[in-house]
Amino acid sequence: MVEKMQYLNQSMVSHFFLEGLMYTAEHPGLFFLLFLLIYSITVSGNLLILLTVGSDPHLRSPMYHFLGHLSFLDACLSTVTVPKVMAGLLTLDGKVISFQGCALQLYCFHFLASTECFLYTVMAYDRYLAICQPLHYPVVMNKRVCAGLAGSTWAIGAMHSAIHTSLTFRLLYCGPQHIAYFFCDIPPVLKLACADTTINELVMLANIGVVAAGCLILIIISYAFIVAAVLRIRTAEGRQRAFSTCTAHLTVVLLYYMPPVCIYLQPSSTGTGAGAPAVFYTIVTPMLNPFIYTLRNKEVKRALRRLVCSSQESPASTPAP
């Protein structure tokens, strides 16, 4: 028993090496500037939306409360992956990640990504209540319910990620250290395990598949009722106004769901070339979301204008000493 424990201690890897994205090694400086630009836009754009929603008294409805949570999630989700990608483009040491750091990155990524998945479902339910049951909406979606739904998405996301992280890192990793990916995700990490990963892959497909499919089905059902209710509106202006509150959410849902389907339903297809779908929903989509909600939502655009005007007027209105 003692000999077995000594063997395990000696054979356990202490760090991994992230191989990064295909083609980035040819022009690392160029890609570093590109990712720096994307990351700066992502963080500043989402924080601006968060600041606008939190400070503007006209954006107090549940829809904007959930939008604030989404903006915070997008900023954090990008922060989990992009800085490490940028570090790997600068030096070889930047590609190295400790065993504990890899586990932490995997947990944070799936925590934020699954929370966002649940949040999209809650946002669809909110739109269903607002359009299909407008008279009951203020009562049903009150502040307490709104806060409870938002908090539940975070709690379930944390539990969901904890299950996958514990199952992934309970395995023995004793040999290869090169992760053929640009961050620590379940499929590429499992390929390095010195043990049978069949159960892990089945749990991953079943758990993530059931959760993602369940959320998507609920979103589709909500929008089926929404479309039926909107088509019953007699005026074209009324139909357009109702649809305008849903198009931004529907767009980000499509951008969110399409890439993960390509990744997690084919766990054996990992590699530096398989990172393109992940780049889209971990790096590109968080950058696009603020623009989608800003361009498609007149209330948010008005609130942004008020925020900019107030910031410009405040120095001028300060009395001279």
# chains A, B, ... in the order shown; residues from 1 in each chain; ligands from 1

call {"tool": "residues_around", "arguments": {"residues": "range 164-173 of chain A", "least_positions_apart": "3", "cutoff": "8 Å", "atoms": "only C-alpha atoms", "output": "VMD selection string"}}
result
chain A and resid 11 to 13 103 106 to 107 160 to 161 176 186 189 to 190 192 to 195 200 204

call {"tool": "residues_around", "arguments": {"residues": "Ala228 in chain A", "least_positions_apart": "2", "cutoff": "12 Å", "atoms": "only C-alpha atoms", "output": "PDB file with C-alpha atoms, in the first residue's frame"}}
result
ATOM      1  CA  TYR A 128     -43.052  35.064 -21.756  1.00  0.00           C
ATOM      2  CA  ILE A 131     -45.848  39.477 -23.337  1.00  0.00           C
ATOM      3  CA  CYS A 132     -48.292  36.636 -22.686  1.00  0.00           C
ATOM      4  CA  ILE A 221     -41.551  26.624 -25.514  1.00  0.00           C
ATOM      5  CA  SER A 222     -41.486  30.154 -24.096  1.00  0.00           C
ATOM      6  CA  TYR A 223     -40.948  31.645 -27.539  1.00  0.00           C
ATOM      7  CA  ALA A 224     -43.638  29.466 -29.072  1.00  0.00           C
ATOM      8  CA  PHE A 225     -46.146  31.039 -26.657  1.00  0.00           C
ATOM      9  CA  ILE A 226     -44.611  34.474 -27.286  1.00  0.00           C
ATOM     10  CA  VAL A 230     -47.651  38.474 -30.687  1.00  0.00           C
ATOM     11  CA  LEU A 231     -49.466  37.246 -33.797  1.00  0.00           C
ATOM     12  CA  ARG A 232     -52.755  37.918 -32.015  1.00  0.00           C
ATOM     13  CA  ILE A 233     -51.850  41.602 -31.697  1.00  0.00           C
ATOM     14  CA  ARG A 239     -46.319  43.351 -33.012  1.00  0.00           C
ATOM     15  CA  ALA A 242     -43.365  43.156 -28.762  1.00  0.00           C
ATOM     16  CA  PHE A 243     -40.864  41.391 -31.003  1.00  0.00           C
TER      17      PHE A 243
END

call {"tool": "closest_residue", "arguments": {"among": "A:Gly214, A:Pro286, A:Gly238, A:Pro57", "to": "Gly45 in chain A", "atoms": "only C-alpha atoms"}}
result
A:Pro286

call {"tool": "atom_distance", "arguments": {"atom1": "CA of Ala158 in chain A", "atom2": "CA of Leu21 in chain A"}}
result
27.7 Å

call {"tool": "closest_residue", "arguments": {"among": "A:Leu30, A:Leu18, A:Leu47, A:Met63", "to": "Cys102 in chain A", "atoms": "only C-alpha atoms"}}
result
A:Leu18

call {"tool": "closest_residue", "arguments": {"among": "A:Ala130, A:Ile217, A:Ala124, A:Val210", "to": "Phe66 in chain A", "atoms": "only C-alpha atoms"}}
result
A:Ala124

call {"tool": "residues_around", "arguments": {"residues": "range 74-87 of chain A", "least_positions_apart": "5", "cutoff": "8 Å", "atoms": "only C-alpha atoms", "output": "list in words"}}
result
Gly20, Phe32, Phe35, Leu36, Tyr39, Thr42, Val43, Asn46, Leu47, Gly94, Lys95, Gln105, Cys108, Phe109, Leu112, Ala113, Phe182, Phe183, Thr282, Ile283, Pro286 and Met287 of chain A

call {"tool": "residues_around", "arguments": {"residues": "Gln100 in chain A", "least_positions_apart": "4", "cutoff": "9 Å", "atoms": "only C-alpha atoms", "output": "number ranges by chain"}}
result
A: 14-15, 104-105

call {"tool": "closest_residue", "arguments": {"among": "A:Cys117, A:Val252, A:Met22, A:Ala303", "to": "Gly209 in chain A", "atoms": "only C-alpha atoms"}}
result
A:Cys117

call {"tool": "decode", "arguments": {"residues": "range 52-65 of chain A", "atoms": "all heavy atoms", "output": "mmCIF file, in the first residue's frame"}}
result
data_model
loop_
_atom_site.group_PDB
_atom_site.id
_atom_site.type_symbol
_atom_site.label_atom_id
_atom_site.label_comp_id
_atom_site.auth_asym_id
_atom_site.auth_seq_id
_atom_site.Cartn_x
_atom_site.Cartn_y
_atom_site.Cartn_z
ATOM 1 N N THR A 52 -24.791 51.152 -16.512
ATOM 2 C CA THR A 52 -25.997 51.808 -17.009
ATOM 3 C C THR A 52 -27.242 51.233 -16.365
ATOM 4 O O THR A 52 -28.121 51.970 -15.911
ATOM 5 C CB THR A 52 -26.081 51.659 -18.547
ATOM 6 O OG1 THR A 52 -24.894 52.180 -19.149
ATOM 7 C CG2 THR A 52 -27.290 52.392 -19.087
ATOM 8 N N VAL A 53 -27.327 49.922 -16.308
ATOM 9 C CA VAL A 53 -28.491 49.263 -15.717
ATOM 10 C C VAL A 53 -28.582 49.570 -14.223
ATOM 11 O O VAL A 53 -29.674 49.775 -13.685
ATOM 12 C CB VAL A 53 -28.418 47.739 -15.956
ATOM 13 C CG1 VAL A 53 -29.492 47.018 -15.162
ATOM 14 C CG2 VAL A 53 -28.567 47.423 -17.439
ATOM 15 N N GLY A 54 -27.436 49.625 -13.551
ATOM 16 C CA GLY A 54 -27.455 49.856 -12.112
ATOM 17 C C GLY A 54 -27.722 51.293 -11.711
ATOM 18 O O GLY A 54 -28.220 51.548 -10.610
ATOM 19 N N SER A 55 -27.414 52.247 -12.604
ATOM 20 C CA SER A 55 -27.534 53.660 -12.229
ATOM 21 C C SER A 55 -28.768 54.351 -12.792
ATOM 22 O O SER A 55 -29.194 55.374 -12.257
ATOM 23 C CB SER A 55 -26.281 54.422 -12.683
ATOM 24 O OG SER A 55 -26.142 54.359 -14.100
ATOM 25 N N ASP A 56 -29.340 53.832 -13.876
ATOM 26 C CA ASP A 56 -30.459 54.516 -14.516
ATOM 27 C C ASP A 56 -31.787 54.099 -13.880
ATOM 28 O O ASP A 56 -32.128 52.911 -13.874
ATOM 29 C CB ASP A 56 -30.493 54.199 -16.013
ATOM 30 C CG ASP A 56 -31.364 55.170 -16.779
ATOM 31 O OD1 ASP A 56 -32.593 55.137 -16.590
ATOM 32 O OD2 ASP A 56 -30.823 55.969 -17.563
ATOM 33 N N PRO A 57 -32.564 55.039 -13.360
ATOM 34 C CA PRO A 57 -33.843 54.690 -12.712
ATOM 35 C C PRO A 57 -34.902 54.205 -13.692
ATOM 36 O O PRO A 57 -35.891 53.593 -13.266
ATOM 37 C CB PRO A 57 -34.278 56.007 -12.056
ATOM 38 C CG PRO A 57 -33.578 57.074 -12.845
ATOM 39 C CD PRO A 57 -32.275 56.486 -13.286
ATOM 40 N N HIS A 58 -34.711 54.436 -14.993
ATOM 41 C CA HIS A 58 -35.673 53.981 -15.995
ATOM 42 C C HIS A 58 -35.502 52.503 -16.335
ATOM 43 O O HIS A 58 -36.364 51.924 -16.988
ATOM 44 C CB HIS A 58 -35.547 54.822 -17.272
ATOM 45 C CG HIS A 58 -35.829 56.278 -17.081
ATOM 46 N ND1 HIS A 58 -34.861 57.173 -16.683
ATOM 47 C CD2 HIS A 58 -36.977 56.993 -17.218
ATOM 48 C CE1 HIS A 58 -35.384 58.379 -16.600
ATOM 49 N NE2 HIS A 58 -36.661 58.304 -16.920
ATOM 50 N N LEU A 59 -34.402 51.912 -15.907
ATOM 51 C CA LEU A 59 -34.133 50.499 -16.205
ATOM 52 C C LEU A 59 -34.247 49.672 -14.934
ATOM 53 O O LEU A 59 -33.278 49.091 -14.457
ATOM 54 C CB LEU A 59 -32.727 50.345 -16.818
ATOM 55 C CG LEU A 59 -32.437 51.154 -18.085
ATOM 56 C CD1 LEU A 59 -31.024 50.882 -18.572
ATOM 57 C CD2 LEU A 59 -33.440 50.841 -19.182
ATOM 58 N N ARG A 60 -35.437 49.630 -14.388
ATOM 59 C CA ARG A 60 -35.670 48.918 -13.133
ATOM 60 C C ARG A 60 -36.536 47.669 -13.316
ATOM 61 O O ARG A 60 -36.886 47.016 -12.344
ATOM 62 C CB ARG A 60 -36.330 49.851 -12.107
ATOM 63 C CG ARG A 60 -35.392 50.912 -11.560
ATOM 64 C CD ARG A 60 -34.329 50.290 -10.677
ATOM 65 N NE ARG A 60 -33.404 51.278 -10.143
ATOM 66 C CZ ARG A 60 -32.236 51.565 -10.666
ATOM 67 N NH1 ARG A 60 -31.839 50.934 -11.770
ATOM 68 N NH2 ARG A 60 -31.441 52.460 -10.136
ATOM 69 N N SER A 61 -36.875 47.343 -14.551
ATOM 70 C CA SER A 61 -37.702 46.156 -14.785
ATOM 71 C C SER A 61 -36.845 44.899 -14.651
ATOM 72 O O SER A 61 -35.609 44.962 -14.766
ATOM 73 C CB SER A 61 -38.344 46.209 -16.176
ATOM 74 O OG SER A 61 -37.361 46.093 -17.184
ATOM 75 N N PRO A 62 -37.462 43.725 -14.418
ATOM 76 C CA PRO A 62 -36.692 42.480 -14.279
ATOM 77 C C PRO A 62 -35.806 42.173 -15.474
ATOM 78 O O PRO A 62 -34.720 41.612 -15.314
ATOM 79 C CB PRO A 62 -37.791 41.423 -14.117
ATOM 80 C CG PRO A 62 -38.940 42.158 -13.514
ATOM 81 C CD PRO A 62 -38.890 43.528 -14.119
ATOM 82 N N MET A 63 -36.249 42.536 -16.687
ATOM 83 C CA MET A 63 -35.452 42.257 -17.877
ATOM 84 C C MET A 63 -34.065 42.885 -17.768
ATOM 85 O O MET A 63 -33.053 42.260 -18.111
ATOM 86 C CB MET A 63 -36.171 42.782 -19.124
ATOM 87 C CG MET A 63 -35.398 42.552 -20.413
ATOM 88 S SD MET A 63 -36.288 43.071 -21.897
ATOM 89 C CE MET A 63 -36.196 44.854 -21.731
ATOM 90 N N TYR A 64 -33.994 44.109 -17.282
ATOM 91 C CA TYR A 64 -32.703 44.795 -17.173
ATOM 92 C C TYR A 64 -31.924 44.313 -15.953
ATOM 93 O O TYR A 64 -30.684 44.374 -15.943
ATOM 94 C CB TYR A 64 -32.928 46.306 -17.124
ATOM 95 C CG TYR A 64 -33.596 46.812 -18.375
ATOM 96 C CD1 TYR A 64 -34.899 47.296 -18.355
ATOM 97 C CD2 TYR A 64 -32.940 46.765 -19.598
ATOM 98 C CE1 TYR A 64 -35.516 47.732 -19.518
ATOM 99 C CE2 TYR A 64 -33.543 47.201 -20.756
ATOM 100 C CZ TYR A 64 -34.830 47.684 -20.715
ATOM 101 O OH TYR A 64 -35.446 48.104 -21.863
ATOM 102 N N HIS A 65 -32.628 43.835 -14.936
ATOM 103 C CA HIS A 65 -31.945 43.215 -13.805
ATOM 104 C C HIS A 65 -31.181 41.975 -14.272
ATOM 105 O O HIS A 65 -30.005 41.775 -13.922
ATOM 106 C CB HIS A 65 -32.971 42.840 -12.732
ATOM 107 C CG HIS A 65 -32.381 42.103 -11.563
ATOM 108 N ND1 HIS A 65 -31.668 42.728 -10.567
ATOM 109 C CD2 HIS A 65 -32.389 40.780 -11.240
ATOM 110 C CE1 HIS A 65 -31.269 41.843 -9.672
ATOM 111 N NE2 HIS A 65 -31.694 40.650 -10.060
#
